[in-house]
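Engineer: This is input_18.pdb, which holds PDB, C-alpha atoms, pLDDT in the B column:
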MODEL        1
ATOM      1  CA  MET A  11      70.434   2.681  35.412  1.00 44.00           C
ATOM      2  CA  GLU A  12      73.473   1.861  37.461  1.00 47.00           C
ATOM      3  CA  TRP A  13      75.491   4.379  39.477  1.00 42.00           C
ATOM      4  CA  LYS A  14      79.168   3.825  39.933  1.00 45.00           C
ATOM      5  CA  CYS A  15      81.181   5.655  42.475  1.00 38.00           C
ATOM      6  CA  PHE A  16      84.904   6.138  42.114  1.00 39.00           C
ATOM      7  CA  LEU A  17      87.119   7.334  44.921  1.00 38.00           C
ATOM      8  CA  ILE A  18      90.244   9.191  44.093  1.00 40.00           C
ATOM      9  CA  LEU A  19      92.679  10.044  46.854  1.00 38.00           C
ATOM     10  CA  PHE A  20      94.842  13.080  46.333  1.00 39.00           C
ATOM     11  CA  SER A  21      97.467  14.341  48.694  1.00 45.00           C
ATOM     12  CA  THR A  22      95.208  17.302  49.412  1.00 45.00           C
ATOM     13  CA  GLY A  23      92.111  15.285  50.308  1.00 52.00           C
ATOM     14  CA  LEU A  24      89.396  12.873  49.255  1.00 49.00           C
ATOM     15  CA  VAL A  25      87.518  13.444  45.984  1.00 48.00           C
ATOM     16  CA  THR A  26      84.371  11.497  44.974  1.00 47.00           C
ATOM     17  CA  ILE A  27      83.263  11.261  41.362  1.00 48.00           C
ATOM     18  CA  ASN A  28      79.879   9.818  40.372  1.00 49.00           C
ATOM     19  CA  SER A  29      79.089   8.684  36.851  1.00 45.00           C
ATOM     20  CA  SER A  30      75.895   7.462  35.275  1.00 47.00           C
ATOM     21  CA  GLU A  31      76.350   4.649  32.843  1.00 51.00           C
ATOM     22  CA  GLU A  32      73.428   3.163  30.892  1.00 53.00           C
ATOM     23  CA  GLU A  33      73.949  -0.426  29.888  1.00 59.00           C
ATOM     24  CA  ALA A  34      73.090  -0.678  26.227  1.00 64.00           C
ATOM     25  CA  GLU A  35      70.634  -3.402  25.281  1.00 68.00           C
ATOM     26  CA  PRO A  36      71.529  -5.358  22.194  1.00 67.00           C
ATOM     27  CA  PRO A  37      69.389  -4.353  19.231  1.00 64.00           C
ATOM     28  CA  LYS A  38      66.309  -6.520  18.860  1.00 69.00           C
ATOM     29  CA  GLU A  39      66.067  -8.444  15.636  1.00 71.00           C
ATOM     30  CA  GLU A  40      62.875  -7.756  13.762  1.00 80.00           C
ATOM     31  CA  ASP A  41      60.758 -10.895  13.508  1.00 88.00           C
ATOM     32  CA  CYS A  42      60.084 -11.267   9.819  1.00 92.00           C
ATOM     33  CA  SER A  43      58.271 -14.584  10.103  1.00 96.00           C
ATOM     34  CA  PRO A  44      54.835 -14.622   8.527  1.00 98.00           C
ATOM     35  CA  LYS A  45      51.958 -14.415  11.025  1.00 98.00           C
ATOM     36  CA  SER A  46      49.447 -17.261  10.934  1.00 98.00           C
ATOM     37  CA  LEU A  47      45.847 -16.210  10.314  1.00 98.00           C
ATOM     38  CA  GLY A  48      44.533 -19.742  10.787  1.00 98.00           C
ATOM     39  CA  CYS A  49      43.181 -22.577   8.697  1.00 99.00           C
ATOM     40  CA  TRP A  50      40.457 -21.765   6.166  1.00 98.00           C
ATOM     41  CA  THR A  51      38.307 -23.747   3.741  1.00 98.00           C
ATOM     42  CA  ASP A  52      38.735 -23.495  -0.024  1.00 98.00           C
ATOM     43  CA  ASN A  53      36.917 -24.986  -3.022  1.00 97.00           C
ATOM     44  CA  ALA A  54      37.156 -25.068  -6.814  1.00 97.00           C
ATOM     45  CA  ASN A  55      35.946 -21.452  -6.979  1.00 97.00           C
ATOM     46  CA  ARG A  56      39.040 -20.307  -5.091  1.00 98.00           C
ATOM     47  CA  ALA A  57      38.818 -18.123  -2.001  1.00 98.00           C
ATOM     48  CA  ILE A  58      42.088 -16.517  -3.132  1.00 98.00           C
ATOM     49  CA  ALA A  59      41.898 -15.649  -6.831  1.00 97.00           C
ATOM     50  CA  GLY A  60      44.651 -16.433  -9.286  1.00 94.00           C
ATOM     51  CA  GLY A  61      44.961 -20.168  -8.781  1.00 95.00           C
ATOM     52  CA  ILE A  62      48.053 -22.008  -7.653  1.00 97.00           C
ATOM     53  CA  ARG A  63      50.981 -19.650  -8.115  1.00 98.00           C
ATOM     54  CA  PHE A  64      53.532 -22.486  -7.808  1.00 98.00           C
ATOM     55  CA  ASN A  65      54.408 -25.661  -5.884  1.00 98.00           C
ATOM     56  CA  SER A  66      57.354 -25.788  -3.503  1.00 98.00           C
ATOM     57  CA  ASP A  67      59.072 -28.126  -1.069  1.00 98.00           C
ATOM     58  CA  ASN A  68      59.473 -25.073   1.196  1.00 98.00           C
ATOM     59  CA  PRO A  69      56.082 -23.466   0.570  1.00 98.00           C
ATOM     60  CA  ILE A  70      55.715 -21.183   3.590  1.00 98.00           C
ATOM     61  CA  GLU A  71      59.015 -19.387   3.057  1.00 98.00           C
ATOM     62  CA  ASP A  72      58.826 -19.393  -0.741  1.00 98.00           C
ATOM     63  CA  CYS A  73      55.210 -18.216  -0.868  1.00 98.00           C
ATOM     64  CA  HIS A  74      55.945 -15.556   1.772  1.00 98.00           C
ATOM     65  CA  ASN A  75      58.838 -14.241  -0.331  1.00 98.00           C
ATOM     66  CA  TYR A  76      56.757 -14.307  -3.516  1.00 98.00           C
ATOM     67  CA  ALA A  77      53.841 -12.455  -1.908  1.00 98.00           C
ATOM     68  CA  LYS A  78      56.238  -9.887  -0.466  1.00 98.00           C
ATOM     69  CA  GLU A  79      57.892  -9.337  -3.868  1.00 98.00           C
ATOM     70  CA  GLN A  80      54.455  -8.817  -5.448  1.00 98.00           C
ATOM     71  CA  GLY A  81      53.394  -6.362  -2.732  1.00 97.00           C
ATOM     72  CA  PHE A  82      50.614  -8.660  -1.428  1.00 98.00           C
ATOM     73  CA  SER A  83      49.743  -8.711   2.275  1.00 98.00           C
ATOM     74  CA  VAL A  84      48.371 -12.270   2.622  1.00 98.00           C
ATOM     75  CA  PHE A  85      49.244 -15.686   1.207  1.00 98.00           C
ATOM     76  CA  ALA A  86      48.118 -19.266   1.762  1.00 98.00           C
ATOM     77  CA  VAL A  87      49.642 -22.719   1.569  1.00 98.00           C
ATOM     78  CA  GLN A  88      47.407 -25.624   0.597  1.00 98.00           C
ATOM     79  CA  TYR A  89      47.830 -29.346   0.049  1.00 98.00           C
ATOM     80  CA  ASN A  90      51.380 -29.314   1.475  1.00 98.00           C
ATOM     81  CA  THR A  91      53.085 -27.580  -1.475  1.00 98.00           C
ATOM     82  CA  GLU A  92      50.743 -25.105  -3.195  1.00 98.00           C
ATOM     83  CA  CYS A  93      51.104 -21.322  -2.928  1.00 98.00           C
ATOM     84  CA  PHE A  94      48.115 -18.991  -3.256  1.00 98.00           C
ATOM     85  CA  THR A  95      48.207 -15.193  -3.070  1.00 98.00           C
ATOM     86  CA  ALA A  96      46.556 -12.199  -4.699  1.00 98.00           C
ATOM     87  CA  THR A  97      46.108  -8.466  -4.313  1.00 98.00           C
ATOM     88  CA  ASN A  98      42.801  -8.929  -2.480  1.00 98.00           C
ATOM     89  CA  ALA A  99      43.623 -12.140  -0.570  1.00 98.00           C
ATOM     90  CA  ALA A 100      43.237 -10.344   2.784  1.00 98.00           C
ATOM     91  CA  GLU A 101      39.577  -9.663   1.956  1.00 98.00           C
ATOM     92  CA  THR A 102      38.688 -13.050   0.411  1.00 98.00           C
ATOM     93  CA  PHE A 103      40.482 -15.860   2.279  1.00 98.00           C
ATOM     94  CA  LYS A 104      37.603 -16.280   4.791  1.00 98.00           C
ATOM     95  CA  LYS A 105      35.045 -16.775   2.000  1.00 98.00           C
ATOM     96  CA  TYR A 106      34.189 -20.411   2.913  1.00 98.00           C
ATOM     97  CA  GLY A 107      34.776 -20.304   6.667  1.00 98.00           C
ATOM     98  CA  GLU A 108      37.259 -21.955   8.973  1.00 98.00           C
ATOM     99  CA  SER A 109      38.611 -25.458   8.482  1.00 98.00           C
ATOM    100  CA  SER A 110      40.135 -28.142  10.692  1.00 98.00           C
ATOM    101  CA  GLY A 111      41.870 -29.826   7.764  1.00 98.00           C
ATOM    102  CA  CYS A 112      45.273 -28.121   7.928  1.00 98.00           C
ATOM    103  CA  ARG A 113      48.425 -29.987   8.961  1.00 98.00           C
ATOM    104  CA  ASN A 114      51.870 -28.701   9.920  1.00 98.00           C
ATOM    105  CA  GLY A 115      51.169 -25.154   8.722  1.00 98.00           C
ATOM    106  CA  ARG A 116      50.926 -26.399   5.132  1.00 98.00           C
ATOM    107  CA  GLY A 117      47.196 -26.722   4.612  1.00 98.00           C
ATOM    108  CA  GLY A 118      45.431 -29.853   3.407  1.00 98.00           C
ATOM    109  CA  GLY A 119      42.828 -30.972   0.880  1.00 98.00           C
ATOM    110  CA  TRP A 120      40.596 -27.918   0.304  1.00 98.00           C
ATOM    111  CA  ALA A 121      42.112 -26.430   3.458  1.00 98.00           C
ATOM    112  CA  GLN A 122      44.637 -23.612   3.477  1.00 98.00           C
ATOM    113  CA  ASN A 123      46.887 -22.208   6.143  1.00 98.00           C
ATOM    114  CA  VAL A 124      46.716 -18.463   5.640  1.00 99.00           C
ATOM    115  CA  TYR A 125      49.505 -16.087   6.635  1.00 98.00           C
ATOM    116  CA  GLN A 126      50.069 -12.364   6.840  1.00 98.00           C
ATOM    117  CA  VAL A 127      53.213 -11.115   5.134  1.00 97.00           C
ATOM    118  CA  ALA A 128      55.819  -9.729   7.531  1.00 93.00           C
ATOM    119  CA  CYS A 129      58.531  -7.096   6.985  1.00 88.00           C
TER     120      CYS A 129
ENDMDL
END
Could you spell out this file's structure in structure tokens?

Structural biologist:
Amino acid sequence: MEWKCFLILFSTGLVTINSSEEEAEPPKEEDCSPKSLGCWTDNANRAIAGGIRFNSDNPIEDCHNYAKEQGFSVFAVQYNTECFTATNAAETFKKYGESSGCRNGRGGGWAQNVYQVAC
């Protein structure tokens, strides 16, 4: 809070006026980026049911949007382009344990970067 003091001189005397002025902070933008939940192993009996939903050149954003539209809370990207998501993905993605095979946030062979849906 910052106090400002203004002096006003009248012919009859000196008058002091104080005013309190809060500086407004700009509104914070909500971060709607998906939150990474790490890199997790997958296999032919998928950790996230439903199979590959689609392939995309922009898989993180596209899969995030798809999962959000479906009302799902978690999605995964695997093998650079594949989108996986399901109603129960939040409970099943850890089925085969962690993996070190993910690259650039886009998974790998039998490795999936898993994300939590935001906003």

Engineer: Could you state which residues are captured by the PyMOL selection byres ((chain A and resi 110) around 12) in this file, as a PyMOL selection string?

Structural biologist: chain A and resi 48-52+107-109+111-115+117-123

Engineer: Any chance you could work out the residue set of the PyMOL selection byres ((chain A and resi 59-75) around 9) here, as a PyMOL selection string?

Structural biologist: chain A and resi 43-44+55-58+76-80+84-88+90-99+102+115-116+125-128

Engineer: What would the file look like if the residues just selected were written as a CSV table (one decimal), in the coordinates of the input with C-alpha atoms?

Structural biologist:
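Below is the file that was written, result20.csv:
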chain,number,residue,atom,x,y,z
A,43,SER,CA,58.3,-14.6,10.1
A,44,PRO,CA,54.8,-14.6,8.5
A,55,ASN,CA,35.9,-21.5,-7.0
A,56,ARG,CA,39.0,-20.3,-5.1
A,57,ALA,CA,38.8,-18.1,-2.0
A,58,ILE,CA,42.1,-16.5,-3.1
A,76,TYR,CA,56.8,-14.3,-3.5
A,77,ALA,CA,53.8,-12.5,-1.9
A,78,LYS,CA,56.2,-9.9,-0.5
A,79,GLU,CA,57.9,-9.3,-3.9
A,80,GLN,CA,54.5,-8.8,-5.4
A,84,VAL,CA,48.4,-12.3,2.6
A,85,PHE,CA,49.2,-15.7,1.2
A,86,ALA,CA,48.1,-19.3,1.8
A,87,VAL,CA,49.6,-22.7,1.6
A,88,GLN,CA,47.4,-25.6,0.6
A,90,ASN,CA,51.4,-29.3,1.5
A,91,THR,CA,53.1,-27.6,-1.5
A,92,GLU,CA,50.7,-25.1,-3.2
A,93,CYS,CA,51.1,-21.3,-2.9
A,94,PHE,CA,48.1,-19.0,-3.3
A,95,THR,CA,48.2,-15.2,-3.1
A,96,ALA,CA,46.6,-12.2,-4.7
A,97,THR,CA,46.1,-8.5,-4.3
A,98,ASN,CA,42.8,-8.9,-2.5
A,99,ALA,CA,43.6,-12.1,-0.6
A,102,THR,CA,38.7,-13.0,0.4
A,115,GLY,CA,51.2,-25.2,8.7
A,116,ARG,CA,50.9,-26.4,5.1
A,125,TYR,CA,49.5,-16.1,6.6
A,126,GLN,CA,50.1,-12.4,6.8
A,127,VAL,CA,53.2,-11.1,5.1
A,128,ALA,CA,55.8,-9.7,7.5

Engineer: One number please: atom CA of Gly81 of chain A to atom CA of Glu40 of chain A, in Å, one decimal.

Structural biologist: 19.1 Å

Engineer: With distances taken over all atoms listed in the file, which of A:Val124, A:Cys129, A:Tyr106, A:Ser83 is nearest to Ala54 of chain A?

Structural biologist: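 The answer is A:Tyr106, which sits nearest to Ala54 of chain A.
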